[in-house]
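Asks: Got structure-v8.csv for you, CSV, C-alpha atoms:
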```csv
chain,number,residue,atom,x,y,z
A,1,MET,CA,-66.1,31.1,-34.5
A,2,LYS,CA,-68.6,29.7,-31.9
A,3,LYS,CA,-65.8,29.2,-29.3
A,4,LEU,CA,-64.3,32.6,-30.1
A,5,LEU,CA,-67.6,34.3,-29.5
A,6,PHE,CA,-67.9,32.5,-26.1
A,7,ILE,CA,-64.5,33.6,-25.0
A,8,LEU,CA,-65.2,37.2,-26.0
A,9,SER,CA,-68.3,36.9,-23.8
A,10,SER,CA,-65.9,36.3,-20.9
A,11,ILE,CA,-66.7,32.6,-20.7
A,12,LEU,CA,-63.4,30.7,-20.3
A,13,LEU,CA,-62.9,27.7,-22.5
A,14,CYS,CA,-60.5,25.2,-20.9
A,15,THR,CA,-59.3,21.9,-22.4
A,16,THR,CA,-56.7,19.6,-21.0
A,17,THR,CA,-53.1,19.8,-19.7
A,18,ASN,CA,-50.1,17.8,-20.7
A,19,GLY,CA,-49.4,17.1,-17.0
A,20,GLN,CA,-52.4,14.8,-16.4
A,21,GLN,CA,-51.6,11.5,-14.7
A,22,THR,CA,-52.9,8.0,-15.5
A,23,GLY,CA,-54.6,6.3,-12.6
A,24,THR,CA,-53.6,2.8,-11.4
A,25,LEU,CA,-55.9,-0.1,-12.2
A,26,LEU,CA,-56.7,-2.1,-9.1
A,27,TYR,CA,-59.4,-4.4,-10.4
A,28,ASN,CA,-61.4,-5.1,-13.6
A,29,TRP,CA,-64.3,-7.5,-13.9
A,30,GLN,CA,-66.0,-8.7,-17.1
A,31,ASP,CA,-68.2,-11.7,-17.6
A,32,ASN,CA,-68.0,-13.0,-21.2
A,33,THR,CA,-71.0,-15.2,-20.7
A,34,LEU,CA,-73.4,-12.2,-20.5
A,35,VAL,CA,-75.1,-11.0,-23.6
A,36,ALA,CA,-74.8,-7.5,-25.0
A,37,SER,CA,-77.7,-5.2,-25.8
A,38,THR,CA,-78.8,-5.0,-29.4
A,39,ALA,CA,-79.2,-1.2,-29.4
A,40,HIS,CA,-75.7,-0.2,-28.2
A,41,ASN,CA,-73.7,-3.4,-27.9
A,42,ASN,CA,-73.3,-2.8,-24.1
A,43,THR,CA,-73.3,-5.5,-21.6
A,44,TYR,CA,-72.9,-3.2,-18.6
A,45,ASN,CA,-74.4,0.1,-17.5
A,46,GLU,CA,-74.6,2.1,-14.3
A,47,CYS,CA,-72.4,1.7,-11.2
A,48,TRP,CA,-72.8,2.7,-7.5
A,49,GLY,CA,-71.0,2.2,-4.2
A,50,VAL,CA,-71.9,1.6,-0.6
A,51,VAL,CA,-70.2,0.9,2.7
A,52,VAL,CA,-71.8,-1.9,4.7
A,53,ASN,CA,-70.4,-3.5,7.8
A,54,ASP,CA,-67.1,-1.7,7.2
A,55,ARG,CA,-66.8,-3.3,3.8
A,56,GLU,CA,-66.6,-1.3,0.6
A,57,ILE,CA,-69.1,-2.6,-2.0
A,58,ALA,CA,-69.1,-1.8,-5.7
A,59,ILE,CA,-72.4,-2.3,-7.6
A,60,ILE,CA,-72.7,-2.6,-11.4
A,61,GLY,CA,-75.7,-3.3,-13.6
A,62,SER,CA,-75.7,-5.6,-16.6
A,63,THR,CA,-78.1,-7.0,-19.1
A,64,ALA,CA,-78.7,-9.8,-16.6
A,65,GLY,CA,-79.2,-7.8,-13.4
A,66,THR,CA,-77.3,-6.2,-10.5
A,67,HIS,CA,-73.9,-7.4,-9.4
A,68,PHE,CA,-72.3,-6.7,-6.0
A,69,PHE,CA,-68.5,-6.8,-5.3
A,70,ASP,CA,-66.6,-6.6,-2.1
A,71,VAL,CA,-63.8,-4.2,-3.1
A,72,THR,CA,-62.4,-3.5,0.4
A,73,ASP,CA,-59.1,-5.1,-0.7
A,74,PRO,CA,-59.4,-4.1,-4.3
A,75,THR,CA,-56.7,-6.4,-5.8
A,76,ASN,CA,-58.6,-9.3,-4.2
A,77,SER,CA,-62.1,-8.2,-5.1
A,78,SER,CA,-64.8,-10.7,-5.7
A,79,GLU,CA,-68.5,-10.8,-6.6
A,80,VAL,CA,-70.5,-11.5,-3.4
A,81,ALA,CA,-74.1,-11.2,-4.5
A,82,PHE,CA,-76.3,-11.0,-7.6
A,83,VAL,CA,-79.9,-10.0,-8.2
A,84,ALA,CA,-81.5,-10.9,-11.5
A,85,GLY,CA,-83.4,-8.2,-13.2
A,86,ALA,CA,-87.1,-8.7,-13.8
A,87,TYR,CA,-86.3,-8.0,-17.4
A,88,THR,CA,-83.1,-9.4,-18.8
A,89,GLY,CA,-81.3,-10.0,-22.1
A,90,THR,CA,-80.4,-8.2,-25.3
A,91,GLY,CA,-83.2,-5.6,-24.8
A,92,VAL,CA,-81.6,-4.1,-21.7
A,93,VAL,CA,-79.6,-0.9,-22.1
A,94,HIS,CA,-80.1,1.1,-18.9
A,95,ARG,CA,-80.2,0.2,-15.2
A,96,ASP,CA,-79.9,2.8,-12.4
A,97,TYR,CA,-79.3,2.7,-8.6
A,98,HIS,CA,-79.4,4.7,-5.4
A,99,ASP,CA,-79.3,3.6,-1.8
A,100,PHE,CA,-81.1,4.8,1.3
A,101,GLU,CA,-81.3,3.5,4.9
A,102,GLY,CA,-79.7,0.2,4.2
A,103,TYR,CA,-81.6,-0.5,0.9
A,104,LEU,CA,-80.5,-0.4,-2.7
A,105,TYR,CA,-83.2,0.8,-5.1
A,106,ALA,CA,-82.8,-0.5,-8.7
A,107,VAL,CA,-84.7,0.3,-11.9
A,108,CYS,CA,-84.5,-0.5,-15.6
A,109,ASP,CA,-85.5,1.6,-18.6
A,110,GLU,CA,-86.5,-1.3,-20.9
A,111,GLY,CA,-89.0,-4.1,-21.0
A,112,SER,CA,-92.7,-4.4,-20.3
A,113,THR,CA,-91.9,-6.7,-17.3
A,114,SER,CA,-89.4,-4.4,-15.6
A,115,THR,CA,-90.0,-3.5,-12.0
A,116,LEU,CA,-88.8,-1.4,-9.1
A,117,GLN,CA,-86.5,-3.6,-6.9
A,118,ILE,CA,-85.7,-2.7,-3.3
A,119,ILE,CA,-82.8,-4.8,-2.0
A,120,ASP,CA,-81.9,-5.1,1.7
A,121,ILE,CA,-78.1,-4.8,1.7
A,122,SER,CA,-77.6,-4.5,5.4
A,123,ASN,CA,-76.0,-8.0,5.6
A,124,LEU,CA,-73.4,-7.5,2.9
A,125,PRO,CA,-71.0,-8.9,2.1
A,126,ASP,CA,-72.5,-12.2,3.4
A,127,SER,CA,-76.0,-11.9,1.9
A,128,ILE,CA,-78.8,-9.7,0.4
A,129,ASN,CA,-82.5,-9.9,0.4
A,130,THR,CA,-84.9,-8.5,-2.2
A,131,VAL,CA,-87.8,-7.1,-0.1
A,132,TYR,CA,-89.7,-5.5,-3.0
A,133,ASP,CA,-89.9,-6.4,-6.7
A,134,SER,CA,-93.0,-5.0,-8.4
A,135,ASN,CA,-94.3,-2.9,-11.2
A,136,ALA,CA,-97.2,-1.6,-9.1
A,137,LEU,CA,-95.6,1.8,-8.8
A,138,LEU,CA,-93.5,1.9,-12.0
A,139,THR,CA,-92.3,-0.4,-14.8
A,140,LYS,CA,-89.6,1.5,-16.6
A,141,SER,CA,-87.4,4.3,-15.2
A,142,HIS,CA,-84.4,5.9,-16.9
A,143,ASN,CA,-82.8,7.2,-13.7
A,144,ILE,CA,-83.6,7.5,-10.0
A,145,TYR,CA,-82.3,10.0,-7.4
A,146,ILE,CA,-83.0,9.8,-3.7
A,147,ASP,CA,-83.0,13.1,-1.7
A,148,THR,CA,-81.8,11.5,1.6
A,149,THR,CA,-82.4,14.8,3.4
A,150,SER,CA,-86.1,14.5,2.8
A,151,ALA,CA,-86.6,10.8,2.2
A,152,LYS,CA,-88.0,11.2,-1.3
A,153,MET,CA,-87.2,9.2,-4.4
A,154,TYR,CA,-87.4,10.8,-7.9
A,155,SER,CA,-87.9,8.5,-10.8
A,156,CYS,CA,-87.1,10.1,-14.1
A,157,GLY,CA,-88.5,9.1,-17.5
A,158,THR,CA,-91.4,7.2,-16.0
A,159,ASN,CA,-94.2,7.1,-18.5
A,160,GLY,CA,-93.0,10.5,-19.8
A,161,THR,CA,-93.1,12.1,-16.4
A,162,MET,CA,-90.9,12.3,-13.3
A,163,GLN,CA,-92.6,10.6,-10.3
A,164,VAL,CA,-91.8,11.5,-6.7
A,165,TYR,CA,-92.2,8.9,-4.0
A,166,SER,CA,-92.1,9.2,-0.2
A,167,LEU,CA,-89.6,6.8,1.4
A,168,ASN,CA,-90.7,7.5,5.0
A,169,SER,CA,-91.2,3.7,5.0
A,170,PRO,CA,-88.2,2.6,2.9
A,171,GLN,CA,-89.7,-0.7,1.9
A,172,ASN,CA,-93.0,0.8,0.9
A,173,PRO,CA,-92.6,3.8,-1.4
A,174,ILE,CA,-95.7,6.0,-1.8
A,175,LEU,CA,-96.4,8.1,-4.9
A,176,ILE,CA,-96.9,11.7,-3.9
A,177,TYR,CA,-96.4,13.7,-7.1
A,178,SER,CA,-96.2,13.3,-10.9
A,179,TYR,CA,-94.2,16.0,-12.7
A,180,ASN,CA,-95.6,16.2,-16.2
A,181,THR,CA,-92.5,17.3,-18.0
A,182,TYR,CA,-90.0,14.7,-19.3
A,183,VAL,CA,-86.9,14.7,-17.0
A,184,HIS,CA,-83.9,12.7,-18.1
A,185,ASP,CA,-81.9,12.9,-14.9
A,186,ALA,CA,-81.9,14.9,-11.6
A,187,TYR,CA,-79.9,16.0,-8.6
A,188,ILE,CA,-81.9,16.9,-5.5
A,189,ILE,CA,-80.9,18.0,-2.1
A,190,ASP,CA,-83.0,19.7,0.7
A,191,ASP,CA,-86.0,19.4,-1.7
A,192,ILE,CA,-84.3,21.6,-4.4
A,193,ALA,CA,-84.4,19.6,-7.6
A,194,TYR,CA,-82.0,20.4,-10.5
A,195,LEU,CA,-83.8,18.7,-13.4
A,196,ASN,CA,-82.1,17.8,-16.7
A,197,CYS,CA,-84.8,18.0,-19.3
A,198,GLY,CA,-83.1,17.3,-22.6
A,199,GLY,CA,-84.1,19.9,-25.2
A,200,ASN,CA,-85.9,21.9,-22.5
A,201,GLY,CA,-82.6,22.5,-20.7
A,202,LEU,CA,-82.2,22.8,-17.0
A,203,ILE,CA,-85.3,23.4,-14.8
A,204,ILE,CA,-85.0,23.9,-11.0
A,205,GLU,CA,-88.0,23.2,-8.7
A,206,ASP,CA,-88.6,23.4,-5.0
A,207,PHE,CA,-90.4,20.3,-3.7
A,208,THR,CA,-90.3,21.4,0.0
A,209,MET,CA,-94.1,21.5,0.3
A,210,VAL,CA,-94.7,18.3,-1.7
A,211,ASP,CA,-95.6,15.7,0.9
A,212,THR,CA,-98.9,14.2,-0.3
A,213,ILE,CA,-101.0,13.9,-3.5
A,214,GLY,CA,-102.2,17.4,-4.5
A,215,ASP,CA,-99.3,19.4,-3.2
A,216,GLN,CA,-97.4,21.4,-5.8
A,217,PRO,CA,-93.7,22.3,-6.2
A,218,THR,CA,-92.5,25.9,-6.7
A,219,GLN,CA,-90.6,26.6,-9.9
A,220,LEU,CA,-87.3,28.5,-9.2
A,221,VAL,CA,-85.8,28.4,-12.7
A,222,ALA,CA,-87.7,27.8,-15.9
A,223,SER,CA,-86.0,26.1,-18.9
A,224,TYR,CA,-82.5,27.5,-18.7
A,225,THR,CA,-81.1,27.0,-22.2
A,226,SER,CA,-79.0,30.2,-22.7
A,227,TYR,CA,-75.6,28.6,-22.3
A,228,PRO,CA,-72.7,27.5,-24.6
A,229,ASP,CA,-73.1,24.2,-26.4
A,230,PHE,CA,-76.7,23.8,-25.4
A,231,GLY,CA,-77.8,20.5,-26.7
A,232,TYR,CA,-79.4,17.5,-24.9
A,233,ASN,CA,-79.3,18.5,-21.3
A,234,HIS,CA,-78.4,15.1,-19.8
A,235,SER,CA,-77.2,15.3,-16.2
A,236,GLY,CA,-75.5,17.4,-13.6
A,237,TRP,CA,-74.1,17.5,-10.1
A,238,LEU,CA,-74.0,20.2,-7.4
A,239,ASN,CA,-71.0,20.8,-5.2
A,240,GLU,CA,-71.2,20.6,-1.4
A,241,ASN,CA,-71.4,24.4,-1.0
A,242,LYS,CA,-74.4,24.4,-3.4
A,243,THR,CA,-72.7,27.2,-5.4
A,244,ILE,CA,-71.2,25.3,-8.4
A,245,TYR,CA,-73.2,23.0,-10.7
A,246,ALA,CA,-71.4,20.8,-13.3
A,247,MET,CA,-73.6,20.1,-16.3
A,248,PHE,CA,-73.3,17.6,-19.2
A,249,ASP,CA,-75.1,17.8,-22.5
A,250,GLU,CA,-75.0,14.4,-24.2
A,251,ASN,CA,-73.9,15.4,-27.7
A,252,HIS,CA,-70.7,14.4,-29.5
A,253,GLY,CA,-68.2,17.2,-29.3
A,254,TYR,CA,-70.1,19.3,-26.7
A,255,ASP,CA,-68.3,20.7,-23.7
A,256,VAL,CA,-68.9,20.3,-20.0
A,257,LYS,CA,-70.2,23.4,-18.2
A,258,LEU,CA,-69.6,24.8,-14.7
A,259,LEU,CA,-72.4,27.0,-13.6
A,260,ASP,CA,-72.5,29.5,-10.7
A,261,VAL,CA,-75.8,28.7,-9.0
A,262,SER,CA,-75.3,30.7,-5.8
A,263,ASP,CA,-78.0,33.0,-7.0
A,264,LEU,CA,-80.7,31.1,-8.9
A,265,ASN,CA,-82.1,34.4,-10.2
A,266,ASN,CA,-78.7,35.0,-12.0
A,267,ILE,CA,-77.2,31.7,-13.1
A,268,SER,CA,-74.0,32.2,-15.0
A,269,VAL,CA,-71.5,30.0,-16.9
A,270,LEU,CA,-68.1,30.1,-15.3
A,271,SER,CA,-66.2,27.8,-17.7
A,272,ILE,CA,-66.6,25.3,-20.5
A,273,PHE,CA,-64.1,22.5,-21.0
A,274,ASN,CA,-63.5,19.0,-22.4
A,275,SER,CA,-61.2,16.0,-22.2
A,276,GLY,CA,-59.0,17.3,-25.0
A,277,VAL,CA,-58.9,13.9,-26.7
A,278,ASP,CA,-61.0,14.1,-29.8
A,279,PRO,CA,-63.4,16.6,-31.4
A,280,GLN,CA,-66.2,14.1,-31.0
A,281,SER,CA,-65.6,13.3,-27.3
A,282,MET,CA,-68.7,13.3,-25.1
A,283,ALA,CA,-69.2,13.3,-21.4
A,284,HIS,CA,-71.9,11.1,-19.8
A,285,ASN,CA,-72.2,11.4,-16.1
A,286,GLY,CA,-70.2,13.3,-13.4
A,287,ILE,CA,-69.9,13.6,-9.6
A,288,ILE,CA,-68.3,16.4,-7.7
A,289,LYS,CA,-66.3,15.4,-4.6
A,290,GLY,CA,-64.6,18.3,-2.8
A,291,ASP,CA,-62.7,20.3,-5.5
A,292,LEU,CA,-62.6,17.4,-7.9
A,293,LEU,CA,-65.1,16.6,-10.7
A,294,PHE,CA,-65.1,12.9,-11.7
A,295,ILE,CA,-66.6,12.3,-15.2
A,296,SER,CA,-67.4,9.0,-17.0
A,297,TYR,CA,-66.5,10.3,-20.4
A,298,TYR,CA,-67.7,7.6,-22.7
A,299,HIS,CA,-64.9,6.7,-25.2
A,300,ASP,CA,-62.3,8.6,-23.2
A,301,GLY,CA,-62.9,6.6,-20.0
A,302,LEU,CA,-62.5,8.2,-16.6
A,303,ARG,CA,-61.5,11.9,-16.5
A,304,VAL,CA,-60.9,13.9,-13.3
A,305,PHE,CA,-60.7,17.7,-13.2
A,306,ASP,CA,-59.6,20.0,-10.4
A,307,ILE,CA,-62.3,22.7,-10.2
A,308,SER,CA,-61.0,24.6,-7.2
A,309,ASP,CA,-60.7,27.5,-9.6
A,310,PRO,CA,-64.1,27.1,-11.4
A,311,TYR,CA,-63.0,29.6,-14.1
A,312,ASN,CA,-60.0,27.4,-15.0
A,313,PRO,CA,-60.7,23.6,-14.5
A,314,ILE,CA,-57.6,21.5,-14.9
A,315,GLN,CA,-57.6,17.9,-16.0
A,316,ASN,CA,-55.2,16.1,-13.7
A,317,TRP,CA,-56.1,12.4,-13.8
A,318,GLN,CA,-57.4,9.9,-16.4
A,319,TYR,CA,-57.9,6.2,-17.0
A,320,ASP,CA,-59.1,5.0,-20.4
A,321,THR,CA,-61.4,2.1,-20.1
A,322,TYR,CA,-62.3,1.8,-23.8
A,323,SER,CA,-59.5,1.4,-26.3
A,324,SER,CA,-61.3,2.1,-29.6
A,325,THR,CA,-60.7,5.4,-31.4
A,326,ASN,CA,-64.0,5.2,-33.3
A,327,TYR,CA,-66.2,7.9,-31.7
A,328,ALA,CA,-69.5,6.9,-33.4
A,329,GLY,CA,-72.4,6.0,-31.1
A,330,TYR,CA,-72.4,5.5,-27.4
A,331,LYS,CA,-69.6,3.3,-26.0
A,332,GLY,CA,-67.1,3.3,-23.1
A,333,ALA,CA,-67.3,4.7,-19.6
A,334,TRP,CA,-71.0,5.0,-18.5
A,335,GLY,CA,-70.9,5.6,-14.7
A,336,VAL,CA,-68.5,6.8,-12.0
A,337,TYR,CA,-68.7,6.7,-8.2
A,338,PRO,CA,-65.9,8.4,-6.2
A,339,ASN,CA,-67.3,8.4,-2.6
A,340,LEU,CA,-65.7,5.2,-1.1
A,341,PRO,CA,-63.8,6.0,2.1
A,342,SER,CA,-60.6,4.5,0.6
A,343,GLY,CA,-60.7,7.1,-2.2
A,344,ASN,CA,-60.7,4.3,-4.8
A,345,ILE,CA,-62.9,5.2,-7.8
A,346,ILE,CA,-65.6,2.9,-9.2
A,347,VAL,CA,-66.1,3.1,-13.0
A,348,SER,CA,-68.5,1.1,-15.2
A,349,ASP,CA,-67.7,0.7,-18.9
A,350,MET,CA,-70.5,-0.3,-21.3
A,351,GLN,CA,-68.3,-2.9,-23.0
A,352,THR,CA,-65.5,-3.7,-20.6
A,353,GLY,CA,-67.2,-3.9,-17.2
A,354,LEU,CA,-66.3,-2.9,-13.7
A,355,TYR,CA,-63.2,-0.9,-12.8
A,356,ILE,CA,-61.6,0.0,-9.5
A,357,ILE,CA,-59.1,2.8,-10.0
A,358,ASP,CA,-56.6,4.5,-7.8
A,359,VAL,CA,-56.1,8.2,-8.7
A,360,THR,CA,-53.6,9.0,-5.9
A,361,SER,CA,-50.7,7.3,-7.7
A,362,GLY,CA,-50.0,6.7,-11.3
A,363,THR,CA,-47.9,7.7,-14.3
A,364,THR,CA,-47.6,11.0,-16.1
```
Would you mind giving the structure from this file in C-alpha cells?

Replies:
Amino acid sequence: MKKLLFILSSILLCTTTNGQQTGTLLYNWQDNTLVASTAHNNTYNECWGVVVNDREIAIIGSTAGTHFFDVTDPTNSSEVAFVAGAYTGTGVVHRDYHDFEGYLYAVCDEGSTSTLQIIDISNLPDSINTVYDSNALLTKSHNIYIDTTSAKMYSCGTNGTMQVYSLNSPQNPILIYSYNTYVHDAYIIDDIAYLNCGGNGLIIEDFTMVDTIGDQPTQLVASYTSYPDFGYNHSGWLNENKTIYAMFDENHGYDVKLLDVSDLNNISVLSIFNSGVDPQSMAHNGIIKGDLLFISYYHDGLRVFDISDPYNPIQNWQYDTYSSTNYAGYKGAWGVYPNLPSGNIIVSDMQTGLYIIDVTSGTT
C-alpha cells in the first residue's frame, strides 16, 4: 500500500531490469592475516582513488590502517604503501578518506587514540610520507568531505558535531566552525553543503561566509524529511549540473531516491528505486559520474544505474562482491570510487576486500 500511494502521488518507483550486465573482475585483494571488527565482522571499510605521477592508485581502509595499491595495470596490481592507523585492531569499523593538493586525509570513527592523519602522496607509487598524525584537532570522525573549490574540510560525527577546517595550508588545518547538529555524511561544492543528518533528514547550508571563528552559515533547507522511505538519512551525491541529488537512507529494504534540487525552495522526488535483489537489500554509498550512479549496495555488491532519465533509472551493471544471501546486519560492499581515468571501478567490501571492476565489458 505504501508503494502504491507513492506511485499515485506521481513518484515513479523503478526496480531493476533483466538486461543488466555483470562487470568483469580485474583484481581482488584480501589479507587473511588482518583481524575483523567485533561489531560487524568487517576487516575492510572505505575506498578512495587518486592519480599520482600518471599512475592510478586505489586506497582501502582496514582494521590495521590504510593500504595503497598501484592499479594502473589492474591485472598486475600490487600494494605499494601502507600507513598504520593510530588505533588498530578489532575495535575498528570505520575509516574514511579524501584527498586535496597532493595529500590524503584519513580518519577513524573508533578508539580513544585515533587521530587525523595527513599523508603526502605526491611520490606514489614509490613512497609516501605522513606529515601530520595528531588528535589535537579531532580524535574520532565518521566521515570527511573536502570542498576542493573552497579549501575546506568537513568532519562529520566529531564529538556530536560537524567541524569545518580551513585547508589554505593543507598540512595545517585550522578549525573555523563547529556545526552543533549531528551530521552523518556530507557532500559540499562551492560552499553549499548537503548534510545527511540521520533522523533529521537532509539539511542544506551555505558556508560561503564561514572563513574564521565566529562566522555563521546560512540555512537554505531545514530538515527535509517529507520523502518516500524516509529513514536514517545516511549519504548522498550531487550530479555535475547541480540539479540531481541521489540520496541513500541506511535502512534494510528502503529505496534510493533521486531528488530534483535545481530549486532548493521546491525540492521534489523524481524517482525511487532499488537493486531488485531482495526485500531487505540496502544501499550504502553512491557516487554520480555523468549519467551513471554507482552504488556500493552492501549485500548486493556494486550496482550501476543509468539516470539519464531521472524519472526512470535503469540498472545496467552489477558485480556481487558478497555471496551470502543472509541480509541480516551490515555486510558486503561498503565503498565505491568510479573516477579513475581508465574507467575502472574501485569497490571495497567489508569482508572480501578490494576490487577493481571493469563495467565496459561483461556478461548479461

Asks: Could you tell me which of A:Phe273, A:Tyr87, A:Tyr298, A:Tyr27 comes closest to Pro74 of chain A if we count all atoms listed in the file?

Replies: A:Tyr27

Asks: Using atom CA of Gly198 of chain A and atom CA of Val93 of chain A as the two end points, give the distance in Å to one decimal.

Replies: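 A separation of 18.5 Å between them.
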
Asks: Hey, can you check how far atom CA of Thr364 of chain A sits from atom CA of Leu302 of chain A?

Replies: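 About the pair atom CA of Thr364 of chain A and atom CA of Leu302 of chain A: they are 15.2 Å apart.
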
Asks: Which of these, A:Gly231, A:Ile192, A:Pro310, A:Glu101, has the shortest distance to Leu167 of chain A once you count only C-alpha atoms?

Replies: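 Closest candidate: A:Glu101.
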
Asks: List the spatial neighbours of Ser134 of chain A as a list in words - criterion: any atom at most 7 Å away, all atoms listed in the file, same-chain residues fewer than 6 positions off excluded.

Replies: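 Once the adjacent positions are removed, what remains is Thr115, Leu116 and Gln117 of chain A.
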
Asks: For the selection just defined, write its residues with C-alpha atoms to a file, as a compact mmCIF listing (two decimals), in the coordinates of the input.

Replies:
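Generated file (part-v5.txt):
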```txt
# COMPACT_ATOMS: atom_id res chain seq x y z
CA THR A 115 -90.00 -3.50 -12.00
CA LEU A 116 -88.80 -1.40 -9.10
CA GLN A 117 -86.50 -3.60 -6.90
```

Asks: Using all atoms listed in the file, list the residues that have an atom at most 9 Å from (-73.5, 20.8, -11.3), coordinates as in the file, as a list of chain:residue names.

Replies: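 Residues lying no farther than 9 Å from the given point: A:Tyr187, A:Tyr194, A:Ser235, A:Gly236, A:Trp237, A:Leu238, A:Asn239, A:Lys242, A:Thr243, A:Ile244, A:Tyr245, A:Ala246, A:Met247, A:Phe248, A:Lys257, A:Leu258, A:Leu259, A:Asp260, A:Val261, A:Gly286, A:Ile287, A:Ile288.
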
Asks: Output the selection as a compact mmCIF listing (two decimals), in the coordinates of the input - C-alpha atoms for each residue.

Replies:
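The result, stored in result.txt:
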```txt
# COMPACT_ATOMS: atom_id res chain seq x y z
CA TYR A 187 -79.90 16.00 -8.60
CA TYR A 194 -82.00 20.40 -10.50
CA SER A 235 -77.20 15.30 -16.20
CA GLY A 236 -75.50 17.40 -13.60
CA TRP A 237 -74.10 17.50 -10.10
CA LEU A 238 -74.00 20.20 -7.40
CA ASN A 239 -71.00 20.80 -5.20
CA LYS A 242 -74.40 24.40 -3.40
CA THR A 243 -72.70 27.20 -5.40
CA ILE A 244 -71.20 25.30 -8.40
CA TYR A 245 -73.20 23.00 -10.70
CA ALA A 246 -71.40 20.80 -13.30
CA MET A 247 -73.60 20.10 -16.30
CA PHE A 248 -73.30 17.60 -19.20
CA LYS A 257 -70.20 23.40 -18.20
CA LEU A 258 -69.60 24.80 -14.70
CA LEU A 259 -72.40 27.00 -13.60
CA ASP A 260 -72.50 29.50 -10.70
CA VAL A 261 -75.80 28.70 -9.00
CA GLY A 286 -70.20 13.30 -13.40
CA ILE A 287 -69.90 13.60 -9.60
CA ILE A 288 -68.30 16.40 -7.70
```

Asks: Name the residues in contact with Asp349 of chain A at a cut-off of 10 Å, using all atoms listed in the file, excluding same-chain residues fewer than 5 positions from it; report them as a VMD selection string.

Replies: chain A and resid 30 42 to 47 60 296 to 299 301 to 302 320 to 322 331 to 336 354 to 355

Asks: In Å, how far is it from atom CA of Ile204 of chain A to atom CA of Ala222 of chain A?

Replies: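 A separation of 6.8 Å between them.
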
Asks: Which residue out of A:Ser361, A:Thr130, A:Thr212, A:Thr33 has the minimum interatomic distance to Ile174 of chain A when all atoms listed in the file are used?

Replies: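 Counting all atoms listed in the file, the residue closest to Ile174 of chain A is A:Thr212.
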